[in-house]
Every structure is written in C-alpha cells, then in structure tokens.
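So the structure is just underneath, and the comments pick up after that.
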Amino acid sequence: MNAARLDDYREVTSKGTMCFLRSLAERVRGRRFLHVNSTSQGGGVAEILHRLVPLMADLGVDARWETIKGDPAFFSVTKAFHNALQGQEALITKDMLEAYIETNRENAGNLSLEGDLVLIHDPQPAPLINYRPPEGKWVWRCHIDLSHPQRQAWRHLRKYVAKYDGAVFSLPKFAQRLPFPQYLVYPSIDPLSKKNCDLSRAEIDGVLDHLAIPRDKPILLQVSRFDRFKDPIGVIDAYRLVKKHNQCRLILAGGGAEDDPEGGAVLGEVRERAGYDPDIHIIELPPDAHLEINALQRAATIVVQKSLREGFGLTVAEAMWKGKPVVGGAAGGISVQVIDDVTGYTVHSVEGAAFRIRHLLNNPDLIARMGEAGREYVRHEFLITRHLADYLTMLLVLTA
Amino acid sequence: MRERAQVPFEFCCCIELRQMLGLKAETEKELAGLIKLVSLDSIYYHTCGLLLRHRYRAGAFSNDFATWVAVQVGDRVLGERLAVLDPLSFDTLVDLRDEIVSVIDGHLKSIVVVPRVVYGEPFHFIQSRIVAVPAGTVAYTLEEFRQDVSEVDDRTLYYHTLEARVRHKHRHNDFSAWLRDRLSLPTLAARIEALDPFTGGLEWVRTQMLAYCDQVLIQGRDL
C-alpha cells in the first residue's frame with residue numbers, strides 16, 4: 001500500500017473537514033509526534049498507525065513510529081497482562097514481571113524516544129516512561145477494556161502509567177483513577193484500507209464462491225474471534241429462532257485459534273452447536289484476510305455482533321460503513337456505535353437478537369434506511385480523518 | 001445586494017478535546033450532587049457540546065442530563081423537565097447549572113424513591129476544551145457569505161453560534177453581529193439570531209440561514 005495522503009480521502013469526507021484538517025495541521029507544522037507500540041504487523045493498532053503516521057507526515061507533522069522488540073517469553077508475559085487487565089484470570093509471576101521490565105529497558109537503549117508528544121500504545125511498552133528524555137509530553141494510549149482489571153495486574157501497570165502526563169481511553173467506562181488528565185478518543189476505521197474499500201460485485205461474488213457460500217438467502221454475519229465473550233453460541237441460538245420463520249444463512253467468520261489457547265475449545269463448541277445445518281457456515285480466516293472480511297460484510301444482509309463483553313468492537317463501524325444494519329450486544333463500544341432504531345439495535349439476550357433480526361428481515365426498506373444512516377454516522381464519527389483531527393488537537397493543546 | 005464589507009467575516013472551525021473526569025452517577029441524587037461539583041466546562045460539554053456530536057449520538061433530548069434520566073434511568077418526567085432548558089437563555093453557565101440542579105432537586109422532593117439506573121449505563125462526567133482554528137475562508141459580501149455557509153463544516157456553524165454566545169459571552173452570535181454591523185442587514189441578522197440549534201440541529205440552522213440569505217439576494221434588500 002502506498003503511503004497515505006490526505007487528498008486520498010477527498011471522496012469519503014467533506015470539503016469542510018479537509019479544510020479544517022489542513023488548517024489544524026498548520027498550527028502544529030514541524031512538531032514531533034512519536035508513536036510507540038509493540039508490533040508493526042497485525043492487530044488494530046498497527047493497522048491504523050500504518051495510515052495515521054503517513055497522514056500526519058503529509059500534513060507537515062514530524063511523525064514517527066517505533067516498535068519495541070521482544071522474545072516469545074516477553075510476549076507471553078504481555079499476553080497474560082493483556083488478559084488480566086481485561087478481567088480474565090491470569091497468573092503473573094515475579095519472573096514474568098522482570099522479563100517485562102528488562103525487555104523494555106533493552107528497547108529503551110535501542111529506540112529514539114524524542115518527541116514533542118510521545119504516545120505509548122497499550123501496556124507492552126508502558127515501562128519506557130522510565131527512560132523518557134527530559135523534553136516532551138508522554139501520554140499512554142490504552143486501547144483495551146480496562147473497566148474491570150484484575151487488581152494485581154493493574155497495580156503493577158499503574159506504577160508506570162502514573163508517571164505519564166496523560167492517558168487516552170476509548171470509552172469513559174475504561175478510565176481509571178489516575179493523577180493526570182484522561183482523554184476520550186474513539187478508535188476509527190480506514191475507509192480506504194483493504195478491509196473497507198469499495199469492492200465490485202464480481203470481487204464479492206468471487207470471495208463467496210471461493211468460500212462456497214451460496215447467495216440464495218439473506219445472510220446473517222458475525223465476524224469475530226471464536227471467544228466466549230463474542231457469544232457465537234448465542235448467535236447460533238438466535239439464528240435458530242429466526243429460522244423458524246425466515247429463510248436465511250448464518251456465517252460465523254473469525255480469526256484462527258493459534259494465538260488463543262481457548263479459541264480451539266470455543267470453536268469446537270461452536271461446531272457442535274451448529275451440527276450439520278447446511279445454512280450455517282463457520283469460517284476460520286487468517287489474520288490478513290481483509291479482502292474476505294470486506295466481501296463477507298458487503299454480502300451480508302444483517303451484521304450481528306452479539307458480544308457479551310467488548311472493547312470497542314470496530315467490526316460494527318466496518319459493517320455500518322458498508323451500509324449494513326447491525327444487531328449488537330449492549331457491551332463496550334457497541335452501544336456507542338449502534339444507535340437504536342437508527343443504525344441497528346442493541347440487544348441483551350438471544351431472544352432480543354432473534355426478534356430484531358426477524359423484524360429487519362421482514363422490513364427490507366428498514367434495512368436500506370438503517371444502512372444509509374449507519375454509513376453517514378460512521379463518516380462523521382468513526383473514520384480515520386476524525387481520529388487524525390483528535391490526535392492533531394492533542395498535539396496542539398499538550399505541546400503549546 | 002452587492003455591498004462589500006470593509007471588515008470580512010472570518011470563518012473559524014473548532015474541535016473539542018474531551019477529558020473524562022472519572023466521576024459517575026447512578027442515581028438522580030448523585031447526578032445532582034456531581035453537577036454541583038464539576039467544572040463549568042463539564043456543564044458546557046453535556047449541554048451545548050451535544051451539538052458537536054452527530055445528531056444520532058446526541059440523544060433523545062437536548063442535553064445529556066435529560067437523555068440519561070429519560071433513557072437510562074427511565075424517568076421520562078424529569079427527562080422532559082430538563083430537556084426544555086435552553087442554554088442560550090441563561091446569562092452564564094453558573095446560572096444554567098443552578099437551574100439544572102434546581103429542576104432535579106424539585107423533582108426529587110416530589111417523589112418518594114430516588115430513581116436509579118438498573119439495567120442502563122451510569123452517567124459519566126466529561127468536560128471539553130474547544131480548540132478553534134481558522135477555517136481558511138473569509139467573506140466580504142452576502143454572496144460570498146452564503147457560499148461559505150453552504151460549504152463549511154458543521155463545527156464552524158457551532159463555533160459562531162454556540163461558542164461565541166456561551167463561552168465568549170458575546171451578546172449575539174457572530175453571524176448576526178457581522179450581518180448587522182458590517183452589511184447593515186438587521187432583519188436578516190435578527191432572523192438568524194432567532195434560530196434555535198437545540199431543537200433543529202446545526203444542519204437545520206444552515207438550511208434556514210441559506211434560505212434567508214437567498215431571499216435577501218433575490219429581493220435585493222433586507223427581509
């Protein structure tokens with residue numbers, strides 16, 4: 001993919017927004033904005049930084065992106081941290097903590113950490129704060145759900161986080177008691193990325209043919225990891241209630257289970273619950289299956305995201321950008337993205353999901369109307385151009 | 001209407017940096033208590049600032065307090081009583097805050113059990129800082145003004161109507177002041193001044209402004 005330029009977004013955002021971004025950027029031209037995270041490939045953070053950093057540079061900001069390096073032991077520690085901070089059971093030993101601290105110390109010696117604003121993404125590189133240069137503001141950007149962290153894990157992490165000048169969270173409920181300003185910035189999707197760009201009918205059909213999915217019935221789709229918090233079993237149960245009255249297919253598409261020890265077990269349960277129903281398609285996709293996800297979302301009639309627990313859940317914005325109504329669990333950022341009766345419905349039960357899906361299937365005009373409203377809503381609130389404006393504003397305010 | 005102002009109208013756009021205060025309310029009593037405590041920037045965010053959000057996310061009523069009690073707590077009566085408050089009718093944000101608290105307190109005195117959120121979300125207090133930047137366009141004539149109003153971001157409309165009145169404490173919104181003082185169009189200015197963004201939304205304000213400007217341009221004189 002070529003480096004992103006603001007002009008590339010002329011077709012998807014308003015002239016007023018483009019002028020505003022250029023004007024805002026004039027005020028911060030030449031200032032240094034450094035992002036640090038733990039990977040340049042895979043995951044939502046890397047995906048968005050691949051576009052945001054070049055866009056900032058295009059607007060005259062001295063934007064850089066560094067990634068920390070670590071061995072498998074380090075990443076197993078940070079994975080345990082990640083799970084514990086999101087409230088799951090995870091054991092973090094003294095040795096694990098030492099590996100975490102030591103890897104960050106090594107990275108600090110190898111990275112150039114100068115910047116007027118340094119944004120450290122997620123817990124993995126948080127201890128870099130111990131090696132901050134004398135100048136510049138340091139802000140911790142938390143992309144995960146910190147609403148119910150395991151206290152032990154948060155206590156360890158808080159020691160580092162409390163040394164920052166500020167923090168950024170994706171939802172108010174994720175904020176913590178911290179001795180500095182905590183800002184609210186929603187994440188975003190890139191409308192020009194492979195996962196969200198326009199596709200022709202032939203491209204969509206090609207993907208569906210490849211995945212052996214007929215287009216003879218309305219398609220219900222959930223794209224998510226095979227994780228209990230995403231409630232794939234609940235989605236199958238809702239589909240069965242719908243199927244008593246309406247013809248449809250259900251597609252459950254998600255990432256492979258190799259990096260998630262529980263994923264295999266959940267996938268087994270999902271297959272068992274699906275049985276031999278030829279209208280249920282369970283599709284395991286590799287992490288880089290962006291085109292396939294894009295095509296499936298565009299082919300879907302209704303997109304479901306029936307999560308019981310959720311971070312922000314950007315698959316909802318992705319679906320709405322493609323003009324699809326969303327039936328989503330009232331969890332995490334789904335409630336911010338799904339506007340009841342306008343862009344879809346938030347639901348609290350299997351029955352609720354089934355009822356709303358049936359209501360939509362029986363009202364094709366409503367599907368079209370909600371799809372259109374969803375796309376306009378995403379254009380205003382969840383595109384990368386809004387994200388860019390938020391970060392430029394932080395740069396302007398915090399480095400004034 | 002070929003009149004050319006000596007001082008142009010300089011359009012400004014704005015963006016808000018939202019800061020979470022880490023305070024949340026689960027009952028109407030807690031809500032009133034925290035409203036008394038939080039900064040005026042928070043009162044501003046939850047009332048005027050609502051217009052900076054997309055209309056879908058702005059909620060059922062004209063301020064966050066009203067929407068929360070009506071939707072999350074399920075107290076439609078208090079929701080309606082709070083919804084009717086017009087931030088532009090108060091001289092200061094302190095007055096607006098006092099009135100909100102007074103409405104909630106009055107309501108709580110009239111009922112036995114304090115309503116609380118059961119299945120819904122608590123109320124999270126946020127405050128915002130508005131950052132203004134030039135939008136890059138200026139108008140000297142009514143034609144230019146009309147053209148720019150049709151193209152600018154809705155945040156520009158917000159800045160010159162809400163921010164000018166409430167935070168900058170201007171007696172009139174910036175559009176009306178310029179049309180009256182620089183182009184001598186007092187009736188057009190008054191009509192624009194009277195537009196209520198809280199019930200119609202900023203896009204409605206834009207549509208009405210364009211319609212009024214068109215009338216003046218067609219007639220060749222003030223309304």
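By convention here, the chains of the structure tokens are called A, B, ... in the order presented, each chain's residues are numbered starting at 1, and ligands are numbered starting at 1 in the order presented.
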Residue contacts of range 123-132 of chain B (6 Å, only C-alpha atoms) excluding same-chain residues fewer than 4 positions away, as a list in words: Cys13, Cys14, Ile15, Glu16, Leu17, Arg18, Gln19, Met20, Leu21, Leu23, Lys24, Ala25, Asp41, Ser42 and Tyr45 of chain B
Dump as JSON lines the rows for residues of chain A within 8 Å of chain B: closest atom pair and distance in Å with one decimal, only C-alpha atoms counted, ordered by chain and rising residue number.
{"residue": "A:Ser14", "atom": "CA", "partner": "B:Asp153", "partner_atom": "CA", "distance": 7.6}
{"residue": "A:Lys15", "atom": "CA", "partner": "B:Glu151", "partner_atom": "CA", "distance": 7.1}
{"residue": "A:Gly16", "atom": "CA", "partner": "B:Asp153", "partner_atom": "CA", "distance": 4.3}
{"residue": "A:Thr17", "atom": "CA", "partner": "B:Asp153", "partner_atom": "CA", "distance": 6.0}
{"residue": "A:Cys19", "atom": "CA", "partner": "B:Ala135", "partner_atom": "CA", "distance": 6.5}
{"residue": "A:Phe20", "atom": "CA", "partner": "B:Ala135", "partner_atom": "CA", "distance": 5.7}
{"residue": "A:Ser23", "atom": "CA", "partner": "B:Ala135", "partner_atom": "CA", "distance": 6.4}
{"residue": "A:Leu24", "atom": "CA", "partner": "B:Val133", "partner_atom": "CA", "distance": 6.1}
{"residue": "A:Pro172", "atom": "CA", "partner": "B:Met20", "partner_atom": "CA", "distance": 6.3}
{"residue": "A:Lys173", "atom": "CA", "partner": "B:His124", "partner_atom": "CA", "distance": 7.5}
{"residue": "A:Ala175", "atom": "CA", "partner": "B:Gly22", "partner_atom": "CA", "distance": 6.5}
{"residue": "A:Gln176", "atom": "CA", "partner": "B:Gly22", "partner_atom": "CA", "distance": 6.8}
{"residue": "A:Arg177", "atom": "CA", "partner": "B:Gly22", "partner_atom": "CA", "distance": 6.8}
{"residue": "A:Pro181", "atom": "CA", "partner": "B:Gln19", "partner_atom": "CA", "distance": 6.6}
{"residue": "A:Gln182", "atom": "CA", "partner": "B:Met20", "partner_atom": "CA", "distance": 5.5}
{"residue": "A:Tyr183", "atom": "CA", "partner": "B:Gln19", "partner_atom": "CA", "distance": 4.3}
{"residue": "A:Leu184", "atom": "CA", "partner": "B:Arg18", "partner_atom": "CA", "distance": 5.4}
{"residue": "A:Val185", "atom": "CA", "partner": "B:Arg18", "partner_atom": "CA", "distance": 7.6}
{"residue": "A:Val336", "atom": "CA", "partner": "B:Arg57", "partner_atom": "CA", "distance": 7.6}
{"residue": "A:Ile339", "atom": "CA", "partner": "B:Tyr56", "partner_atom": "CA", "distance": 6.7}
{"residue": "A:Val342", "atom": "CA", "partner": "B:Tyr56", "partner_atom": "CA", "distance": 7.5}
{"residue": "A:Tyr377", "atom": "CA", "partner": "B:His54", "partner_atom": "CA", "distance": 6.9}
{"residue": "A:His380", "atom": "CA", "partner": "B:His54", "partner_atom": "CA", "distance": 6.7}
{"residue": "A:Glu381", "atom": "CA", "partner": "B:His54", "partner_atom": "CA", "distance": 7.2}
{"residue": "A:Ala389", "atom": "CA", "partner": "B:Ile15", "partner_atom": "CA", "distance": 8.0}
{"residue": "A:Asp390", "atom": "CA", "partner": "B:Leu17", "partner_atom": "CA", "distance": 7.1}
{"residue": "A:Thr393", "atom": "CA", "partner": "B:Leu17", "partner_atom": "CA", "distance": 6.9}
{"residue": "A:Met394", "atom": "CA", "partner": "B:Leu17", "partner_atom": "CA", "distance": 7.1}
For Phe198 in chain B: contacts at 9 Å, only C-alpha atoms, fewer than 6 positions along chain excluded, given as a VMD selection string: chain B and resid 48 50 to 51 61 to 63 86 to 87
Give the strand (DSSP E) residues of range 109-141 of chain B, as assigned by DSSP on the backbone, as a ChimeraX atom specification. /B:123-141
Please save N, CA and C atoms of the selected residues as a tab-separated table (two decimals), in the first residue's frame.
chain	number	residue	atom	x	y	z
B	123	PHE	N	-24.07	7.57	34.45
B	123	PHE	CA	-23.73	8.82	33.78
B	123	PHE	C	-22.26	9.13	34.04
B	124	HIS	N	-21.47	9.23	32.99
B	124	HIS	CA	-20.05	9.55	33.12
B	124	HIS	C	-19.84	11.03	32.81
B	125	PHE	N	-19.20	11.73	33.72
B	125	PHE	CA	-18.97	13.15	33.50
B	125	PHE	C	-17.71	13.38	32.65
B	126	ILE	N	-17.89	14.24	31.69
B	126	ILE	CA	-16.81	14.58	30.76
B	126	ILE	C	-16.74	16.10	30.69
B	127	GLN	N	-15.57	16.64	30.43
B	127	GLN	CA	-15.50	18.07	30.13
B	127	GLN	C	-14.75	18.24	28.83
B	128	SER	N	-14.97	19.35	28.19
B	128	SER	CA	-14.30	19.52	26.91
B	128	SER	C	-13.57	20.85	26.85
B	129	ARG	N	-12.55	20.84	26.04
B	129	ARG	CA	-11.85	22.08	25.76
B	129	ARG	C	-12.01	22.32	24.26
B	130	ILE	N	-12.51	23.46	23.90
B	130	ILE	CA	-12.73	23.76	22.50
B	130	ILE	C	-11.49	24.45	21.92
B	131	VAL	N	-11.01	23.92	20.82
B	131	VAL	CA	-9.85	24.50	20.16
B	131	VAL	C	-10.33	25.07	18.82
B	132	ALA	N	-10.09	26.34	18.61
B	132	ALA	CA	-10.54	26.99	17.37
B	132	ALA	C	-9.38	27.18	16.42
B	133	VAL	N	-9.65	26.99	15.15
B	133	VAL	CA	-8.64	27.28	14.12
B	133	VAL	C	-9.35	27.97	12.95
B	134	PRO	N	-8.65	28.84	12.24
B	134	PRO	CA	-9.29	29.49	11.08
B	134	PRO	C	-9.72	28.43	10.07
B	135	ALA	N	-10.92	28.60	9.54
B	135	ALA	CA	-11.41	27.62	8.57
B	135	ALA	C	-10.81	27.85	7.18
B	136	GLY	N	-10.12	28.96	7.04
B	136	GLY	CA	-9.46	29.24	5.76
B	136	GLY	C	-10.33	29.96	4.76
B	137	THR	N	-11.49	30.45	5.18
B	137	THR	CA	-12.34	31.19	4.25
B	137	THR	C	-12.80	32.49	4.90
B	138	VAL	N	-12.90	33.53	4.07
B	138	VAL	CA	-13.42	34.81	4.53
B	138	VAL	C	-14.47	35.30	3.54
B	139	ALA	N	-15.42	36.08	4.01
B	139	ALA	CA	-16.47	36.62	3.14
B	139	ALA	C	-16.54	38.13	3.31
B	140	TYR	N	-16.63	38.82	2.17
B	140	TYR	CA	-16.80	40.28	2.20
B	140	TYR	C	-18.22	40.67	1.83
B	141	THR	N	-18.88	39.81	1.03
B	141	THR	CA	-20.23	40.16	0.56
B	141	THR	C	-21.22	39.09	1.03
Would you list the contacts of Gly220 in chain B as a list in words, taking every protein, DNA or RNA residue within 12 Å and counting only C-alpha atoms, but skipping same-chain residues closer than 6 positions in sequence? Met1, Arg2, Glu3, Leu142, Glu143, Leu185, Cys213 and Asp214 of chain B
If you count only C-alpha atoms, the residue of B:Val117, B:Thr67, B:Leu88, B:Gly79 closest to Asn173 in chain B turns out to be B:Leu88
Polymer residues at most 12 Å from range 201-218 of chain A, only C-alpha atoms, same-chain spacing of 2 or more positions, as a PyMOL selection string: chain A and resi 197-199+220-221+239+242-243+246-253+278-285+289-303+357-358+360-362+364+367
So that I have them on file, write out the residues from the current selection with C-alpha atoms, as a PDB file, in the first residue's frame.
ATOM      1  CA  CYS A 197     -12.533  -0.129   0.400  1.00  0.00           C
ATOM      2  CA  ASP A 198     -15.241  -0.441  -2.227  1.00  0.00           C
ATOM      3  CA  LEU A 199     -15.479  -3.807  -3.958  1.00  0.00           C
ATOM      4  CA  LEU A 220     -26.559 -13.010   8.749  1.00  0.00           C
ATOM      5  CA  LEU A 221     -22.910 -12.460   9.554  1.00  0.00           C
ATOM      6  CA  TYR A 239     -30.392 -17.789  14.175  1.00  0.00           C
ATOM      7  CA  VAL A 242     -35.162 -16.693  13.316  1.00  0.00           C
ATOM      8  CA  LYS A 243     -35.085 -19.766  11.086  1.00  0.00           C
ATOM      9  CA  ASN A 246     -37.458 -16.678   7.930  1.00  0.00           C
ATOM     10  CA  GLN A 247     -35.108 -18.244   5.435  1.00  0.00           C
ATOM     11  CA  CYS A 248     -31.512 -17.184   5.979  1.00  0.00           C
ATOM     12  CA  ARG A 249     -27.916 -18.307   6.215  1.00  0.00           C
ATOM     13  CA  LEU A 250     -25.572 -17.667   9.135  1.00  0.00           C
ATOM     14  CA  ILE A 251     -21.876 -17.043   8.669  1.00  0.00           C
ATOM     15  CA  LEU A 252     -19.562 -17.030  11.669  1.00  0.00           C
ATOM     16  CA  ALA A 253     -16.190 -15.864  10.431  1.00  0.00           C
ATOM     17  CA  PRO A 278     -26.037 -26.616   5.734  1.00  0.00           C
ATOM     18  CA  ASP A 279     -27.075 -22.994   6.219  1.00  0.00           C
ATOM     19  CA  ILE A 280     -24.504 -22.353   8.944  1.00  0.00           C
ATOM     20  CA  HIS A 281     -21.015 -21.548   7.657  1.00  0.00           C
ATOM     21  CA  ILE A 282     -18.156 -21.491  10.145  1.00  0.00           C
ATOM     22  CA  ILE A 283     -15.150 -19.936   8.522  1.00  0.00           C
ATOM     23  CA  GLU A 284     -11.664 -19.719  10.007  1.00  0.00           C
ATOM     24  CA  LEU A 285      -9.746 -16.866   8.459  1.00  0.00           C
ATOM     25  CA  ALA A 289      -7.934 -12.000   5.351  1.00  0.00           C
ATOM     26  CA  HIS A 290      -9.006  -8.373   4.926  1.00  0.00           C
ATOM     27  CA  LEU A 291     -10.465  -8.819   1.459  1.00  0.00           C
ATOM     28  CA  GLU A 292     -12.528 -11.808   2.581  1.00  0.00           C
ATOM     29  CA  ILE A 293     -13.933  -9.926   5.578  1.00  0.00           C
ATOM     30  CA  ASN A 294     -14.714  -6.924   3.401  1.00  0.00           C
ATOM     31  CA  ALA A 295     -16.574  -9.117   0.878  1.00  0.00           C
ATOM     32  CA  LEU A 296     -18.482 -11.014   3.560  1.00  0.00           C
ATOM     33  CA  GLN A 297     -19.595  -7.779   5.219  1.00  0.00           C
ATOM     34  CA  ARG A 298     -20.728  -6.401   1.861  1.00  0.00           C
ATOM     35  CA  ALA A 299     -22.579  -9.619   1.016  1.00  0.00           C
ATOM     36  CA  ALA A 300     -24.356  -9.734   4.383  1.00  0.00           C
ATOM     37  CA  THR A 301     -27.950  -8.647   4.790  1.00  0.00           C
ATOM     38  CA  ILE A 302     -27.587  -8.002   8.524  1.00  0.00           C
ATOM     39  CA  VAL A 303     -24.392  -7.921  10.562  1.00  0.00           C
ATOM     40  CA  ILE A 357     -33.176  -9.838  13.115  1.00  0.00           C
ATOM     41  CA  ARG A 358     -36.667 -11.051  12.193  1.00  0.00           C
ATOM     42  CA  LEU A 360     -35.319  -6.383   9.901  1.00  0.00           C
ATOM     43  CA  LEU A 361     -35.687  -9.358   7.543  1.00  0.00           C
ATOM     44  CA  ASN A 362     -39.393  -8.609   7.287  1.00  0.00           C
ATOM     45  CA  PRO A 364     -36.302  -4.591   3.662  1.00  0.00           C
ATOM     46  CA  ILE A 367     -32.591  -2.418   6.227  1.00  0.00           C
TER      47      ILE A 367
END
Selection near Val118 in chain A, 8 Å with only C-alpha atoms, sequence-local residues under 4 positions removed, as a list in words: Phe33, Leu34, His35, Val36, Leu113, Glu114, Gly136, Lys137, Trp138 and Val139 of chain A
Can you list every residue in range 14-91 of chain B that DSSP puts in helix (DSSP H, G or I), as a ChimeraX atom specification? /B:28-37,40-46,48-52,55-58,64-73,76-83,87-89
For the residues in that selection, give me N, CA and C atoms as a tab-separated table (two decimals), in the first residue's frame.
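Okay, selection_35.tsv is ready:
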chain	number	residue	atom	x	y	z
B	28	GLU	N	-30.40	9.73	40.52
B	28	GLU	CA	-30.65	11.14	40.19
B	28	GLU	C	-30.08	12.05	41.26
B	29	LYS	N	-30.05	11.57	42.50
B	29	LYS	CA	-29.48	12.37	43.58
B	29	LYS	C	-27.97	12.55	43.36
B	30	GLU	N	-27.31	11.45	43.01
B	30	GLU	CA	-25.87	11.55	42.72
B	30	GLU	C	-25.62	12.48	41.55
B	31	LEU	N	-26.51	12.41	40.57
B	31	LEU	CA	-26.35	13.28	39.40
B	31	LEU	C	-26.37	14.75	39.82
B	32	ALA	N	-27.37	15.10	40.64
B	32	ALA	CA	-27.48	16.50	41.09
B	32	ALA	C	-26.25	16.90	41.90
B	33	GLY	N	-25.81	15.98	42.78
B	33	GLY	CA	-24.66	16.28	43.63
B	33	GLY	C	-23.41	16.53	42.80
B	34	LEU	N	-23.20	15.71	41.78
B	34	LEU	CA	-21.99	15.87	40.96
B	34	LEU	C	-22.09	17.08	40.03
B	35	ILE	N	-23.29	17.38	39.58
B	35	ILE	CA	-23.44	18.58	38.73
B	35	ILE	C	-22.99	19.82	39.51
B	36	LYS	N	-23.27	19.83	40.81
B	36	LYS	CA	-22.84	20.97	41.64
B	36	LYS	C	-21.31	21.04	41.73
B	37	LEU	N	-20.67	19.87	41.66
B	37	LEU	CA	-19.22	19.79	41.88
B	37	LEU	C	-18.37	20.02	40.64
B	40	LEU	N	-17.43	24.06	35.09
B	40	LEU	CA	-18.41	24.60	34.13
B	40	LEU	C	-18.14	24.05	32.73
B	41	ASP	N	-16.88	23.66	32.48
B	41	ASP	CA	-16.56	23.04	31.19
B	41	ASP	C	-17.32	21.73	31.02
B	42	SER	N	-17.61	21.08	32.12
B	42	SER	CA	-18.37	19.83	32.05
B	42	SER	C	-19.85	20.13	31.80
B	43	ILE	N	-20.36	21.16	32.47
B	43	ILE	CA	-21.75	21.56	32.22
B	43	ILE	C	-21.91	21.93	30.75
B	44	TYR	N	-20.93	22.65	30.25
B	44	TYR	CA	-20.94	23.07	28.84
B	44	TYR	C	-20.95	21.84	27.92
B	45	TYR	N	-20.05	20.88	28.21
B	45	TYR	CA	-19.97	19.69	27.35
B	45	TYR	C	-21.30	18.95	27.30
B	46	HIS	N	-21.94	18.81	28.44
B	46	HIS	CA	-23.16	17.99	28.49
B	46	HIS	C	-24.42	18.75	28.05
B	48	CYS	N	-24.36	22.37	25.77
B	48	CYS	CA	-24.08	22.94	24.44
B	48	CYS	C	-23.29	21.97	23.57
B	49	GLY	N	-22.31	21.30	24.17
B	49	GLY	CA	-21.39	20.45	23.41
B	49	GLY	C	-22.09	19.34	22.65
B	50	LEU	N	-23.29	19.04	23.06
B	50	LEU	CA	-24.05	17.99	22.39
B	50	LEU	C	-24.21	18.27	20.89
B	51	LEU	N	-24.20	19.55	20.54
B	51	LEU	CA	-24.39	19.88	19.13
B	51	LEU	C	-23.15	19.59	18.28
B	52	LEU	N	-22.03	19.34	18.93
B	52	LEU	CA	-20.84	18.98	18.17
B	52	LEU	C	-20.85	17.50	17.80
B	55	ARG	N	-25.98	14.01	15.11
B	55	ARG	CA	-27.33	14.10	15.68
B	55	ARG	C	-27.81	12.74	16.18
B	56	TYR	N	-27.33	11.64	15.59
B	56	TYR	CA	-27.76	10.33	16.06
B	56	TYR	C	-27.26	10.05	17.48
B	57	ARG	N	-26.06	10.56	17.77
B	57	ARG	CA	-25.48	10.28	19.08
B	57	ARG	C	-25.86	11.35	20.10
B	58	ALA	N	-26.46	12.40	19.61
B	58	ALA	CA	-26.80	13.48	20.51
B	58	ALA	C	-27.87	13.04	21.51
B	64	ASP	N	-27.44	16.09	27.76
B	64	ASP	CA	-27.11	14.73	28.20
B	64	ASP	C	-27.83	14.34	29.49
B	65	PHE	N	-28.05	15.32	30.37
B	65	PHE	CA	-28.70	15.01	31.65
B	65	PHE	C	-30.13	14.52	31.40
B	66	ALA	N	-30.82	15.24	30.53
B	66	ALA	CA	-32.20	14.87	30.21
B	66	ALA	C	-32.24	13.48	29.55
B	67	THR	N	-31.35	13.25	28.61
B	67	THR	CA	-31.35	11.97	27.90
B	67	THR	C	-31.04	10.83	28.86
B	68	TRP	N	-30.09	11.06	29.77
B	68	TRP	CA	-29.72	9.98	30.68
B	68	TRP	C	-30.88	9.60	31.61
B	69	VAL	N	-31.50	10.59	32.23
B	69	VAL	CA	-32.58	10.23	33.17
B	69	VAL	C	-33.76	9.61	32.43
B	70	ALA	N	-34.00	10.07	31.21
B	70	ALA	CA	-35.15	9.52	30.47
B	70	ALA	C	-34.86	8.12	29.93
B	71	VAL	N	-33.67	7.94	29.35
B	71	VAL	CA	-33.38	6.68	28.65
B	71	VAL	C	-32.76	5.64	29.59
B	72	GLN	N	-31.75	6.02	30.34
B	72	GLN	CA	-31.04	5.02	31.16
B	72	GLN	C	-31.76	4.76	32.49
B	73	VAL	N	-32.29	5.82	33.11
B	73	VAL	CA	-32.98	5.64	34.39
B	73	VAL	C	-34.46	5.31	34.15
B	76	ARG	N	-39.09	9.54	32.60
B	76	ARG	CA	-39.45	10.41	31.48
B	76	ARG	C	-39.82	11.82	31.97
B	77	VAL	N	-40.41	11.89	33.15
B	77	VAL	CA	-40.88	13.19	33.63
B	77	VAL	C	-39.70	14.14	33.83
B	78	LEU	N	-38.70	13.67	34.58
B	78	LEU	CA	-37.54	14.53	34.79
B	78	LEU	C	-36.83	14.79	33.46
B	79	GLY	N	-36.78	13.78	32.61
B	79	GLY	CA	-36.15	13.96	31.29
B	79	GLY	C	-36.78	15.12	30.54
B	80	GLU	N	-38.08	15.16	30.54
B	80	GLU	CA	-38.77	16.23	29.81
B	80	GLU	C	-38.54	17.58	30.47
B	81	ARG	N	-38.52	17.60	31.80
B	81	ARG	CA	-38.32	18.88	32.50
B	81	ARG	C	-36.91	19.45	32.24
B	82	LEU	N	-35.95	18.55	32.13
B	82	LEU	CA	-34.58	19.02	31.86
B	82	LEU	C	-34.41	19.37	30.38
B	83	ALA	N	-35.11	18.62	29.53
B	83	ALA	CA	-34.94	18.82	28.08
B	83	ALA	C	-35.36	20.21	27.64
B	87	PRO	N	-29.97	26.42	26.91
B	87	PRO	CA	-28.72	27.00	27.42
B	87	PRO	C	-28.51	28.45	26.99
B	88	LEU	N	-29.04	28.81	25.83
B	88	LEU	CA	-28.81	30.16	25.34
B	88	LEU	C	-29.65	31.20	26.08
B	89	SER	N	-30.59	30.74	26.88
B	89	SER	CA	-31.41	31.71	27.60
B	89	SER	C	-30.82	32.07	28.96
Considering only C-alpha atoms, return as a PyMOL selection string whatever protein or nucleic-acid residues lie within 10 Å of Arg221 in chain B, sequence-local ones (same chain, fewer than 2 positions apart) excluded. chain B and resi 1+185+188+215-219+223
With C-alpha atoms retained, write the just-selected residues as a compact mmCIF listing (two decimals), in the first residue's frame.
# COMPACT_ATOMS: atom_id res chain seq x y z
CA MET B 1 -27.00 43.13 -2.69
CA LEU B 185 -28.89 43.83 7.37
CA LEU B 188 -31.66 39.12 8.38
CA GLN B 215 -34.42 35.75 -0.01
CA VAL B 216 -32.30 38.83 0.60
CA LEU B 217 -30.22 38.21 -2.52
CA ILE B 218 -33.31 37.74 -4.69
CA GLN B 219 -35.16 40.74 -3.28
CA LEU B 223 -36.00 40.93 4.80
Find the residue from A:Gly263, A:Gly344, A:Pro123, A:Gly60 that sits nearest to Ala25 in chain A; use only C-alpha atoms when measuring.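 The answer is A:Gly60, which sits nearest to Ala25 in chain A.
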In Å, with one decimal, what is the gap from CA of Ala57 in chain A to CA of Pro127 in chain A? 26.8 Å
Which of these residues is nearest to Val266 in chain A, using only C-alpha atoms: A:Met320, A:Ile233, A:Ile144, A:Leu308?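 For Val266 in chain A, the nearest of the candidates is A:Ile233.
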